[in-house]
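Q: My questions will all concern the structure given below.
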Amino acid sequence: MADPQNLITVSGVSKAFPGVIALEGVEFTLRKGEIHALMGENGAGKSTLIKILTGVEQPDTGRIELENSAISIRSPQHAQDLGISTVYQEINLCTNISVAENIMLGHEPRRFGGIHWKKLNELARQALARLGIELDVTQPLGIYSIAIQQMVAIARALAIASAKVLILDEPTSSLDANETARLFAVMRSLKQAGIGIVFVTHFLDQVYEIVDRVTILRNGRFVGSFEIAALSRVELVAKMLGRVVDELQALAHDKDNSAQQTDNNQLIKASGLGLRGALEPLDLTVGVGEVLGIAGLLGSGRTELASLLFGIATPDSGSLVIDGQPVTRFSPQALIKRGVALCPEDRKAEGIVGELSIRENIILGLQGRYGWFKFIGRQKQTEIAEKYIKLLGIRTPSPDQLVKNLSGGNQQKVILARWLVTQPRLLILDEPTRGIDVGAKAEIQKLVLELVKDGMSIVFISSELEEVVRISDRIVVLRDHAKVAEYDHAVSDRTLMQTMAGEA
Amino acid sequence: MTQRLKLSVLRHGPLLTTITIFLLAYIIGAQLYPAMQRPQAFFNLFINNGFLLILGIGMTFVILTGGIDLSVGGVLALTTAASAALLNLGVSPLVVMPLMLVMGTMIGLGLGSLIHFFKVQPFIVTLMGLFFARGLAYIISLTSVTITDPLYKYLALTPIYLPFFAKAYIYIPTLVGPALLVVAVYLAYFTRFGRIVYAIGNNEQSAALMGFPVGRTKVLVYAFSGFCSALAGIVFSISLLAGYGQFATGVELDVIAAVVMGGTLLTGGVGNVIGTLFGILIEATIISILQYNGTLSSWWTRICVGVLTLIFIGIQSGFALRKKKS
């Protein structure tokens, strides 16, 4: 089994954090001169595996071999000494010191006991020249673009004398097409030189462009390693999402057709709305009393779309019209005033205040709308809270229960209540059912359909296709930060999946 | 080329501003009080404020990592009180001085370890260090203790006449600050330690992921500041020939203000010791202007320093914003 081509062999690696099993029995082999993609949705365990390979975390069980001899990686420094270099998604360099220092510091040339600046700058220039880049290495890193910083990070990773393994954690997520092409050229030449590259990405096109093999993880479990040439896009997506392709075809779905298509009554009209590096310009309409489903894999641009619609990010192209009035100022405050509400994907970090009670969380929504100085009496507060607890079926002994003590599904309902109390006209739900149990999922879906009946418009973002198909009137599919298709509700799971994978 | 020049101006803008403010302050002073035109008046800035420069150098390194050291005044006072007590017991000054430097370094090492290993805020840890050191100084003696040691007296009272300037002189301890400044510049620009200090101040997590010894560097920075505080204490006790727990009360804030005026960002990663030198010279110039005036309350120093620091922070943010745009 000791194949001399094997650079890194990971077998049976598991890692648990308090309350979560991040990795369970993961297998992974990286060969010399190969580009190996590591893929999976959020929470699949990609980052944990990378942290283990770079010595940031220690595995609970399992065995890691480097060139067929067992090792334990103690720290990032130790990983570098072993020849495992990493370029992280958020470029982990220091922007205040010069480009040359960022590349060379830690193994800088010395003279008379001090740093030999001239030689250091020269070596840094050479390291960048090998990647086909020329720039003034004495300037602070911060003045250069993210793409250049990425290249500098790679130059640093390679300047460490014996780099055998290069881990690139989503290196292309902030690069445009030209910059990506440049990076791929560098990756190919490194591959020629026998370096093994682990490439973490969400872009399917890029995987099929440059990768030799792919390892897929799902919910911390090992799904499999495949030669990319032998794996179709649909199969790849199905494996990431955990569905069997044949089963999907057999799946019948009964869409509630009572919801009316109300095209001539548009609430939201986006034309050419886009933001460089986040979302290609797209057109989008949402009618009054309509559910618009957004389907797409993680990193397809679905969250970016939500933040544009809610004014968290300001678009640099196109326009957004709400109810006939164009939006001129993009900020959550301005859009809340126009009747837009967003339930974010990460409810723990961005949605609820766990240390406050249900009542207080719901009232926060009202305060946000009316301003801080409007006092709402305690009795009135309880009244409002009880109304929504009943309406949404939040299971709690009292409105004064702390939100952190509720289950995920009930927490999600509290966020919903907080927005509903402001009576929004457009509600954007970003993955509203992630991480909650099946029963609660059904209730939230039912609730969405009821709200629509009352004339509210909803943008429903989910990676669960079944769910999107069941409740949406129309479905927009995003892939690689662009809108690729729009379907009516009669579309099949399989067609959607093919579109998401880019095979349709 | 013009782009390069622009970048260079933006990069060194804060330092150039500090130097300009110092020159302006000094020129205004010299116009108001002709006595300030004598070279000796300039050298007096160093004679009277040498200890501030020494403290400022240590503080600059701490602030560059994004930390703060409030213990410097306490360690200075403790050093003066302890050296006075030991010298009066007849211990040789050649033993006392190294002993004080070791003590200061150990205090800094302890504070730095608390900050790094127990993840406590530097503000709290060094504030406790200040209470601890100043308290200890009062335990040693409740009143000011005079130093009669002959070596200390010799160092305090022997002027060195300078070449090129007629009748201008300094004292031997005056040389300590500028000498330390040279060492500090070397440390900051020509050693891995110094560059890692800058890297940590920019982004501690990045520095760790780049494989730098973040913990060791942070602890060493506080140890260095402790060393500087003890060194400043020795210089201070020589110039006053006394030791007392009440010496240099509140000096930590003057030092921080000088470091900030010198262009070092409190958030870390940006700044340098040369700037700190000029920050301290600005404070010293204001003090001496007030002394030449003689009628104004000495609290005007604080007011001027306060206003200047605020103006300076404004200018600095201006440069930082423009830099981001370019």
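Going by the structure tokens order, chains are called A, B, ..., each with residues numbered from 1, while ligands are numbered from 1 in the order shown.
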Considering only C-alpha atoms, tabulate each residue of chain B that lies at most 10 Å from chain A along with its nearest interatomic pair and the corresponding distance in Å to one decimal; arrange the rows by chain and ascending residue number and present them as CSV.
A:
```
residue,atom,partner,partner_atom,distance
B:Arg4,CA,A:Gln139,CA,9.1
B:Leu7,CA,A:Gln139,CA,8.5
B:Ser8,CA,A:Gln139,CA,8.9
B:Arg11,CA,A:Pro140,CA,9.2
B:Tyr186,CA,A:Gly114,CA,8.0
B:Leu187,CA,A:Gly114,CA,8.6
B:Tyr189,CA,A:Ile115,CA,7.8
B:Phe190,CA,A:Ile115,CA,4.7
B:Thr191,CA,A:Gly114,CA,5.3
B:Arg192,CA,A:Gly106,CA,7.1
B:Phe193,CA,A:Gly106,CA,9.8
B:Arg195,CA,A:Ile97,CA,7.9
B:Ile196,CA,A:Leu105,CA,8.2
B:Tyr198,CA,A:Ile97,CA,7.1
B:Ala199,CA,A:Cys94,CA,5.6
B:Ile200,CA,A:Cys94,CA,8.1
B:Gly201,CA,A:Asn96,CA,8.8
B:Asn202,CA,A:Cys94,CA,5.8
B:Asn203,CA,A:Cys94,CA,6.2
B:Glu204,CA,A:Cys94,CA,8.8
B:Gln205,CA,A:Asn92,CA,7.6
B:Ser206,CA,A:Asn92,CA,4.4
B:Ala207,CA,A:Leu93,CA,7.0
B:Ala208,CA,A:Pro76,CA,7.7
B:Leu209,CA,A:Pro76,CA,6.0
B:Met210,CA,A:Leu93,CA,7.1
B:Gly211,CA,A:Gln77,CA,4.4
B:Phe212,CA,A:Gly106,CA,6.9
B:Pro213,CA,A:Gln77,CA,8.7
B:Gly268,CA,A:Asn96,CA,9.9
B:Gly269,CA,A:Asn96,CA,6.5
B:Val270,CA,A:Asn96,CA,7.0
B:Lys323,CA,A:Ile143,CA,8.0
B:Lys324,CA,A:Ile143,CA,7.6
B:Lys325,CA,A:Ile143,CA,9.3
B:Ser326,CA,A:Ile143,CA,7.6
```
Q: So that I can see what lies close to region 71-84 of chain B, please list as a VMD selection string the residues with an atom at most 8 Å from it, counting only C-alpha atoms and leaving out residues fewer than 6 positions away in the same chain.
A: chain B and resid 55 96 to 97 100 104 126 to 134 136 to 138 140 to 141 144 to 147 225 to 226 229 to 234 236 to 237 242 to 252
Q: Write out as a list in words all residues of region 410-463 of chain A that backbone DSSP assigns to strand (DSSP E or B).
A: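 Answer for region 410-463 of chain A, restricted to strand (DSSP E or B): Leu426, Leu427, Ile428, Leu429, Asp430, Ser457, Ile458, Val459, Phe460, Ile461 and Ser462 of chain A.
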Q: Put those residues in a file: N, CA and C atoms, as a short mmCIF file (atom, residue, chain, number, x, y, z; two decimals), in the first residue's frame.
A:
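And here's selection_27.cif as it stands now:
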```
data_model
loop_
_atom_site.label_atom_id
_atom_site.label_comp_id
_atom_site.auth_asym_id
_atom_site.auth_seq_id
_atom_site.Cartn_x
_atom_site.Cartn_y
_atom_site.Cartn_z
N LEU A 426 -41.83 42.64 1.95
CA LEU A 426 -40.99 41.60 1.35
C LEU A 426 -40.16 40.97 2.46
N LEU A 427 -40.26 39.65 2.55
CA LEU A 427 -39.50 38.94 3.57
C LEU A 427 -38.49 38.06 2.85
N ILE A 428 -37.18 38.26 3.16
CA ILE A 428 -36.14 37.42 2.55
C ILE A 428 -35.73 36.39 3.58
N LEU A 429 -35.91 35.13 3.24
CA LEU A 429 -35.54 34.06 4.16
C LEU A 429 -34.32 33.35 3.59
N ASP A 430 -33.18 33.48 4.27
CA ASP A 430 -31.95 32.84 3.81
C ASP A 430 -31.76 31.55 4.60
N SER A 457 -44.81 39.29 0.14
CA SER A 457 -43.96 38.64 -0.87
C SER A 457 -42.76 38.04 -0.17
N ILE A 458 -42.30 36.90 -0.67
CA ILE A 458 -41.22 36.22 0.02
C ILE A 458 -40.15 35.77 -0.97
N VAL A 459 -38.88 36.03 -0.60
CA VAL A 459 -37.76 35.45 -1.35
C VAL A 459 -37.23 34.33 -0.48
N PHE A 460 -37.28 33.11 -1.01
CA PHE A 460 -36.97 31.94 -0.21
C PHE A 460 -35.69 31.31 -0.73
N ILE A 461 -34.63 31.42 0.07
CA ILE A 461 -33.33 30.91 -0.36
C ILE A 461 -33.06 29.60 0.37
N SER A 462 -32.79 28.54 -0.36
CA SER A 462 -32.54 27.28 0.32
C SER A 462 -31.73 26.38 -0.57
#
```
Q: Looking at B:Tyr222, B:Thr174, B:Ala179, B:Leu24, which one is nearest to Gly67 (chain B), with distances taken over only C-alpha atoms?
A: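 Checking each candidate against Gly67 (chain B), we get B:Tyr222 as the closest.
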Q: Just how far from CA of Ile444 (chain A) is CA of Pro397 (chain A), in Å to one decimal?
A: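 These two atoms are separated by 20.1 Å.
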Q: Looking at only C-alpha atoms, which of A:Glu431, A:Glu467, A:Glu27, A:Asp454 is the one that sits closest to Leu298 (chain A)?
A: A:Glu431
Q: CA of Gly339 (chain A) and CA of Lys380 (chain A), how far apart in Å?
A: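 Going from CA of Lys380 (chain A) over to CA of Gly339 (chain A) covers 22.9 Å.
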Q: Taking only region 55-278 of chain B into account, list the residues labelled alpha helix (DSSP H) by DSSP (computed from the backbone), as JSON, numbers by chain.
A: {"B": [55, 56, 57, 58, 59, 60, 61, 62, 63, 64, 72, 73, 74, 75, 76, 77, 78, 79, 80, 81, 82, 83, 84, 85, 86, 87, 88, 93, 94, 95, 96, 97, 98, 99, 100, 101, 102, 103, 104, 105, 106, 107, 108, 109, 110, 111, 112, 113, 114, 115, 116, 117, 122, 123, 124, 125, 126, 127, 128, 129, 130, 131, 132, 133, 134, 135, 136, 137, 138, 139, 140, 150, 151, 152, 153, 154, 155, 156, 157, 176, 177, 178, 179, 180, 181, 182, 183, 184, 185, 186, 187, 188, 189, 190, 192, 193, 194, 195, 196, 197, 198, 199, 200, 201, 202, 204, 205, 206, 207, 208, 209, 214, 215, 216, 217, 218, 219, 220, 221, 222, 223, 224, 225, 226, 227, 228, 229, 230, 231, 232, 233, 234, 235, 236, 237, 238, 239, 240, 251, 252, 253, 254, 255, 256, 257, 258, 259, 260, 261, 273, 274, 275, 276, 277, 278]}
Q: Could you give me, as an MDAnalysis selection string, the residues within 9 Å of region 267-275 of chain A, counting only C-alpha atoms and dropping anything in the same chain fewer than 2 positions from it?
A: chainID A and resid 265 277:289 304:305 308:309 313:324 425:426 457
Q: Store the residues picked out above, limited to N, CA and C atoms, as a compact mmCIF listing (two decimals), in the first residue's frame.
A:
```txt
# COMPACT_ATOMS: atom_id res chain seq x y z
N ASN A 265 -48.41 42.68 -10.99
CA ASN A 265 -48.42 43.39 -9.72
C ASN A 265 -47.06 43.22 -9.04
N GLY A 277 -17.37 40.95 -8.08
CA GLY A 277 -16.77 40.00 -7.17
C GLY A 277 -17.77 39.29 -6.28
N ALA A 278 -19.04 39.74 -6.28
CA ALA A 278 -20.03 39.09 -5.43
C ALA A 278 -21.17 38.53 -6.26
N LEU A 279 -21.63 39.30 -7.24
CA LEU A 279 -22.79 38.87 -8.00
C LEU A 279 -22.74 39.51 -9.38
N GLU A 280 -22.83 38.66 -10.41
CA GLU A 280 -22.93 39.18 -11.78
C GLU A 280 -24.28 39.87 -11.92
N PRO A 281 -24.37 40.92 -12.76
CA PRO A 281 -25.64 41.64 -12.91
C PRO A 281 -26.77 40.68 -13.27
N LEU A 282 -27.91 40.81 -12.61
CA LEU A 282 -29.04 39.94 -12.93
C LEU A 282 -30.35 40.72 -12.86
N ASP A 283 -31.37 40.16 -13.55
CA ASP A 283 -32.72 40.73 -13.48
C ASP A 283 -33.57 39.84 -12.59
N LEU A 284 -34.46 40.46 -11.88
CA LEU A 284 -35.24 39.71 -10.90
C LEU A 284 -36.52 40.47 -10.63
N THR A 285 -37.66 39.74 -10.56
CA THR A 285 -38.88 40.39 -10.11
C THR A 285 -39.54 39.53 -9.04
N VAL A 286 -40.18 40.18 -8.12
CA VAL A 286 -40.99 39.46 -7.14
C VAL A 286 -42.36 40.14 -7.13
N GLY A 287 -43.41 39.36 -7.39
CA GLY A 287 -44.75 39.91 -7.40
C GLY A 287 -45.33 39.99 -6.00
N VAL A 288 -46.41 40.75 -5.87
CA VAL A 288 -47.10 40.82 -4.58
C VAL A 288 -47.73 39.45 -4.31
N GLY A 289 -47.52 38.95 -3.12
CA GLY A 289 -48.09 37.66 -2.76
C GLY A 289 -47.46 36.49 -3.50
N GLU A 304 -25.12 36.65 -1.19
CA GLU A 304 -24.76 37.96 -1.72
C GLU A 304 -26.00 38.65 -2.29
N LEU A 305 -26.86 37.88 -2.97
CA LEU A 305 -28.09 38.43 -3.51
C LEU A 305 -28.97 38.96 -2.37
N LEU A 308 -27.69 42.21 -1.04
CA LEU A 308 -27.97 43.35 -1.93
C LEU A 308 -29.42 43.81 -1.78
N LEU A 309 -30.33 42.83 -1.73
CA LEU A 309 -31.75 43.19 -1.63
C LEU A 309 -32.06 43.86 -0.30
N ALA A 313 -25.03 45.29 1.32
CA ALA A 313 -24.01 45.68 0.37
C ALA A 313 -24.66 46.63 -0.64
N THR A 314 -23.86 47.53 -1.17
CA THR A 314 -24.38 48.46 -2.17
C THR A 314 -23.98 47.98 -3.55
N PRO A 315 -24.95 47.79 -4.46
CA PRO A 315 -24.61 47.28 -5.79
C PRO A 315 -23.81 48.32 -6.56
N ASP A 316 -22.93 47.86 -7.46
CA ASP A 316 -22.21 48.84 -8.28
C ASP A 316 -22.74 48.85 -9.71
N SER A 317 -23.80 48.10 -9.96
CA SER A 317 -24.43 48.22 -11.28
C SER A 317 -25.92 47.93 -11.12
N GLY A 318 -26.71 48.44 -12.09
CA GLY A 318 -28.13 48.12 -12.11
C GLY A 318 -28.94 48.93 -11.12
N SER A 319 -30.24 48.60 -11.06
CA SER A 319 -31.11 49.36 -10.18
C SER A 319 -32.09 48.42 -9.50
N LEU A 320 -32.62 48.89 -8.39
CA LEU A 320 -33.60 48.12 -7.64
C LEU A 320 -34.82 49.02 -7.44
N VAL A 321 -35.99 48.53 -7.86
CA VAL A 321 -37.20 49.33 -7.74
C VAL A 321 -38.15 48.60 -6.81
N ILE A 322 -38.60 49.27 -5.77
CA ILE A 322 -39.58 48.68 -4.87
C ILE A 322 -40.88 49.44 -5.04
N ASP A 323 -41.90 48.74 -5.47
CA ASP A 323 -43.22 49.34 -5.58
C ASP A 323 -43.20 50.60 -6.45
N GLY A 324 -42.45 50.53 -7.55
CA GLY A 324 -42.41 51.65 -8.47
C GLY A 324 -41.42 52.74 -8.12
N ARG A 425 -43.26 44.01 3.74
CA ARG A 425 -43.95 43.63 2.52
C ARG A 425 -43.15 42.60 1.75
N LEU A 426 -41.83 42.64 1.95
CA LEU A 426 -40.99 41.60 1.35
C LEU A 426 -40.16 40.97 2.46
N SER A 457 -44.81 39.29 0.14
CA SER A 457 -43.96 38.64 -0.87
C SER A 457 -42.76 38.04 -0.17
```
Q: Near Leu277 (chain B), within 9 Å and counting only C-alpha atoms, which residues show up once chain neighbours fewer than 4 positions away are dropped, as an NGL selection string?
A: :B and (53 or 56-57 or 178 or 181 or 258-259 or 262 or 273 or 281-282)
Q: Fewer than 6 positions away in the same chain doesn't count, so skip those; otherwise give me all residues within 12 Å of Leu23 (chain B), counting only C-alpha atoms, as JSON, numbers by chain.
A: {"B": [16, 17, 29, 30, 42, 278, 279, 281, 282, 285, 286]}
Q: Check the smallest atom-to-atom distance from each of B:Met261, B:Leu32, B:Ile160, B:Ala188 to Ile313 (chain B) using only C-alpha atoms, then report the winner.
A: B:Met261
Q: Which one of A:Ser232, A:Gln266, A:Gln367, A:Ser47 sits closest to Asp169 (chain A) if you count only C-alpha atoms?
A: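 Distance minimum relative to Asp169 (chain A) lands on A:Ser47.
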